[in-house]
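Quick notes on the structure that follows.
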Amino acid sequence: MATDVRQAGRWADARTWLAGVDPGLTRLRLAAIAVAAMVLAVVVVAAVRALLAPSEPVTVLLFAGVLAMISNLAVNEDDLRRRRVTTALMVLPAAASTVLGAVLSPYRIPAAAVFVLVMVVAVWVRRYGPRGFALGMAGFMPYFFTQFLKIAPAQLPWLLVAVVVGISSTLLLRGVVFAERPARTLRRTVTAFRARAHALVDATDDVLAGIASGALDERDLEALRRTRARLQEVALLVEDTLEQTTAGRVWPGLDDDTLALRVADAELALERLSVVARRLALPQRDDPAEPVDPIVIAALRTGLRHLLTALESGQGHTAILEAAADARAAVAGLVADTRPGHERVQRTAFAVRRVADAIHHAQVDAPSRRPDGGAPGSPARATGVAAPLCPPATASPTGAAGGGPVPDAITTPDPDERPGPSSQRPEPDDVRPADAPAPSPGGLALSTRQAVQVGVAATLAIVVGELIAPSRWYWAVITAFVVFAGTNSRGDLLSRGWGRVLGTVGGVLAGMGLAALVGGSTVLSLVLLFSCVFLALYLVRVSPSMLAFWITAVLALVYGLIGQFSVQVLILRIEETVIGAAAAVVAAFLVLPRGTRAAFGDAVSDVVDAMDRVLQEATDRLVGRQPATAPREGVRAMDDALATLRLRAQTLAAPFARRRARSSYQRGLRILVVCDVYARSLARTADQVTDRTWAPTLDPAAARVRANLDGLRDVLVRGRRASDGGQVRARSAEQLVDAAEEHAARIADDPHRRATMLTAARLLRRIDQAVVGLAIDLGAAEDPEGDTDGDGQSPSTAASGGVVNTRSGS
């Protein structure tokens, strides 16, 4: 019996892990359908070839397979109808470039000149969004393969057949037979969110285990940070999927806003848990405390183990509620412990309870199909398949800390965040072109800039590649083209080019091994070829280097099939790849250069603009004014802008960046991440309360906070500081927020309304403290130490708003 229980537990853990590895199974679907389309295209063309022209070279089969793969990889539109139309339209540029490539193939110089022109156009049309990107790739790749496969003009009719068959195979399988059903994707994505939540709780438990053993490993803290970032990624995927379908199609009776709210509530509760656990492990200078008692750690870990049980795949409704209640009970004593010096432990215990509350509220009224035949919208009380993690927001409170969830984990202040002196201390919570490329400061669109750069890089690659190997220069050209895909700055391109070189070197070694393994067997070569393609497409969104690795291995097999394999050819592939990457870097740095810092600055501006909109709309709702747009739109735009900023900051935070500059960009990013979390929470809080009499005090406070955000943006983007004679000068909103908080504290008739308004004021204060603290560090605001007048900034702000108190907990 005990063995069966252990096996069931291991199987539940495995299912939970698998659900989180590939959220929504998007990568698996892309790779599987692409390989299936390639196989279908090759089989169809092979059958026609066998009937009509058995002597036709095997290259026509490879051409059909390549078109099937490219049409899968390049089309990335969310809407099924648009995806079908874009796939069908790819036939036109693919056929045109195939004709050009085949006709010009015998003429080296004209073929090379047209190749450069094709690449320039393929990059330039990316300004038209995902469809432009797909059509550009459809024009580039067939031309490339006509040069690579040495196509003769006489083969043109068969090549056009291969184009139609290859793209049609993708259209049939991806657009019809295995068309993505958004409702299924939503269910899988919510399951992935639950799995990522499980992973975050598990990583938190590892940190607490390190504290208990006295041997905390930095790798555990890094794992905690990664799982938190992955959780946010899946939460955004849920939002994306909700734009394509409705929650009611998956869970009858559940509306979209409720599902989005519960996902966000659970996400914030889990983020808070990771932050306080990190701060428990690494106490700050302004938060001294005695070493944590091992008995206390044991109680916290008991609560976490119950949360892990509640988040495991396959748990029934009753089991989830019981596990959430057990988690609350395990930390109830720690939540109630208000002794001085135990604040960090109390906050950690309260974070455990918040997660348990989020799970409880998500589960208690979940509309699901009941085995007893109950109505779909009625509460799911049976112990069957668990309802989604994020169902309706309405749930009656059943008790306090240990006996049941608090009314709402978001609107109830933490024990150390009630109005008063303690509330002054902040506790901050710790590849693809855009739809419309933003213009650079000089007014030149990114796609136009990159088109010019690609033309220069391709010309350099052709010239140098011809000097090294006149018959293999195209590898340098394709590298120069590919490294520009999805890049926005010189540093980004440098990182991508370096990764492609490393991936190619590894792929050459793997290709040599595969070539030795197949021993000339055509069937085994094809099986391994399709397997390598599957791995390349499955891992491309994890790392572009993996695409280069597996595609290089594929090329070794292709060379074997067409009788051109040799170790010298693969070594030459490395040399040409280095030449292409170097040509791209030279073009990016010398021709219309756009610095990584400029790209980072543009992203910062977008984040601040989106955040300003969210704060304005939240303030309007809190004081009874009707915003012009739906609340979710602003929050979604803010999260998208922050995701872009994270990508831009990766290059600046890379190991080869200067240490001091790297630290500054990382601090700026962390503060904006903190503000994003608080702004999202404020937007949700604004949906729960309205008080028209609050406007005289809340409006000035919100206006000052927004002005400080704009000032911080000016410093981060333009480098202006008060010490340099600049006009930027952040002024703390402490006194203005105090006035707004005093108004909220006087609400005596409705405790829940008062608590919600105080929460909104606290969130506004936290944003201001984080922003002003970073502004002080950057010289854009006066340090209030010893200055009681100044700008009205309280002395606590410098320490409390400093960049050390961030969502990352560092």
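We name chains A, B, ... following the order of the structure tokens; residues begin at 1 in each chain, and ligands are numbered from 1 as shown.
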Can you list every residue of range 587-612 of chain A that has an atom at most 7 Å from range 632-639 of chain A, with its nearest atom pair and the distance in Å to one decimal, using only C-alpha atoms, ordered by chain then number, as JSON lines?
{"residue": "A:Val607", "atom": "CA", "partner": "A:Met638", "partner_atom": "CA", "distance": 5.9}
{"residue": "A:Ala610", "atom": "CA", "partner": "A:Met638", "partner_atom": "CA", "distance": 4.8}
{"residue": "A:Met611", "atom": "CA", "partner": "A:Met638", "partner_atom": "CA", "distance": 5.9}
Handout entry: Residue contacts of Ala183 in chain A (8 Å, only C-alpha atoms) excluding same-chain residues fewer than 2 positions away, as a count of residues only
Key = 9
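Shortest atom-to-atom contact with Tyr143 in chain A among A:Tyr128, A:Tyr107, A:Trp694, A:Phe63: A:Phe63, counting only C-alpha atoms.
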Exercise for the section: Quick one: pull the distance between CA of Leu493 in chain A and CA of Met90 in chain A, Å, one decimal. Expected result: 26.8 Å
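Proximity to Ala41 in chain A was assessed for A:Leu92, A:Leu73, A:Ala457, A:Val165 counting only C-alpha atoms; the smallest distance is recorded for A:Val165.
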Might you pull out every residue within 6 Å of range 700-712 of chain A, with only C-alpha atoms counted and same-chain residues fewer than 4 positions away left off, and present them as a JSON list (two decimals) with N, CA, C and O atoms, in the first residue's frame?
[["chain", "number", "residue", "atom", "x", "y", "z"],
["A", 612, "ASP", "N", 2.01, 54.85, -16.31],
["A", 612, "ASP", "CA", 1.31, 56.10, -16.06],
["A", 612, "ASP", "C", -0.17, 55.96, -16.40],
["A", 612, "ASP", "O", -1.05, 56.43, -15.67],
["A", 728, "VAL", "N", 15.46, 67.56, -13.80],
["A", 728, "VAL", "CA", 14.77, 66.45, -13.16],
["A", 728, "VAL", "C", 14.99, 66.50, -11.66],
["A", 728, "VAL", "O", 16.10, 66.63, -11.18],
["A", 730, "ALA", "N", 13.04, 64.47, -8.42],
["A", 730, "ALA", "CA", 11.94, 63.70, -7.83],
["A", 730, "ALA", "C", 11.60, 64.27, -6.46],
["A", 730, "ALA", "O", 12.49, 64.62, -5.68],
["A", 733, "ALA", "N", 6.18, 61.78, -2.47],
["A", 733, "ALA", "CA", 4.74, 61.98, -2.30],
["A", 733, "ALA", "C", 4.27, 61.53, -0.92],
["A", 733, "ALA", "O", 3.08, 61.34, -0.71],
["A", 736, "LEU", "N", 1.55, 63.69, 0.72],
["A", 736, "LEU", "CA", 0.31, 63.63, -0.04],
["A", 736, "LEU", "C", -0.38, 62.27, 0.14],
["A", 736, "LEU", "O", -1.61, 62.21, 0.28],
["A", 737, "VAL", "N", 0.40, 61.20, 0.16],
["A", 737, "VAL", "CA", -0.19, 59.87, 0.39],
["A", 737, "VAL", "C", -0.70, 59.78, 1.82],
["A", 737, "VAL", "O", -1.73, 59.15, 2.09],
["A", 768, "ASP", "N", 5.90, 54.99, -5.02],
["A", 768, "ASP", "CA", 6.64, 56.23, -4.85],
["A", 768, "ASP", "C", 7.95, 56.00, -4.11],
["A", 768, "ASP", "O", 8.98, 56.57, -4.48]]
Exercise for the section: Name the residues in contact with Phe115 in chain A at a cut-off of 9 Å, using only C-alpha atoms, excluding same-chain residues fewer than 3 positions from it; report them as a PyMOL selection string. Expected result: chain A and resi 101+110-112+118-120+140+143-144+458
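Using only C-alpha atoms for every distance, the candidate list A:Leu254, A:Ala68, A:Ile462, A:Leu308 yields A:Leu254 as the residue closest to Ala362 in chain A.
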Practice task
Run DSSP on the backbone and give me the residues of range 163-321 of chain A it puts in alpha helix (DSSP H), as a ChimeraX atom specification.
Solution key: /A:163-172,182-213,218-242,256-281,294-311,317-321
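Remark: for Thr552 in chain A, the closest of the candidate residues A:Gly506, A:Ser169, A:Leu537, A:Ala515 is A:Gly506 (distances computed over only C-alpha atoms).
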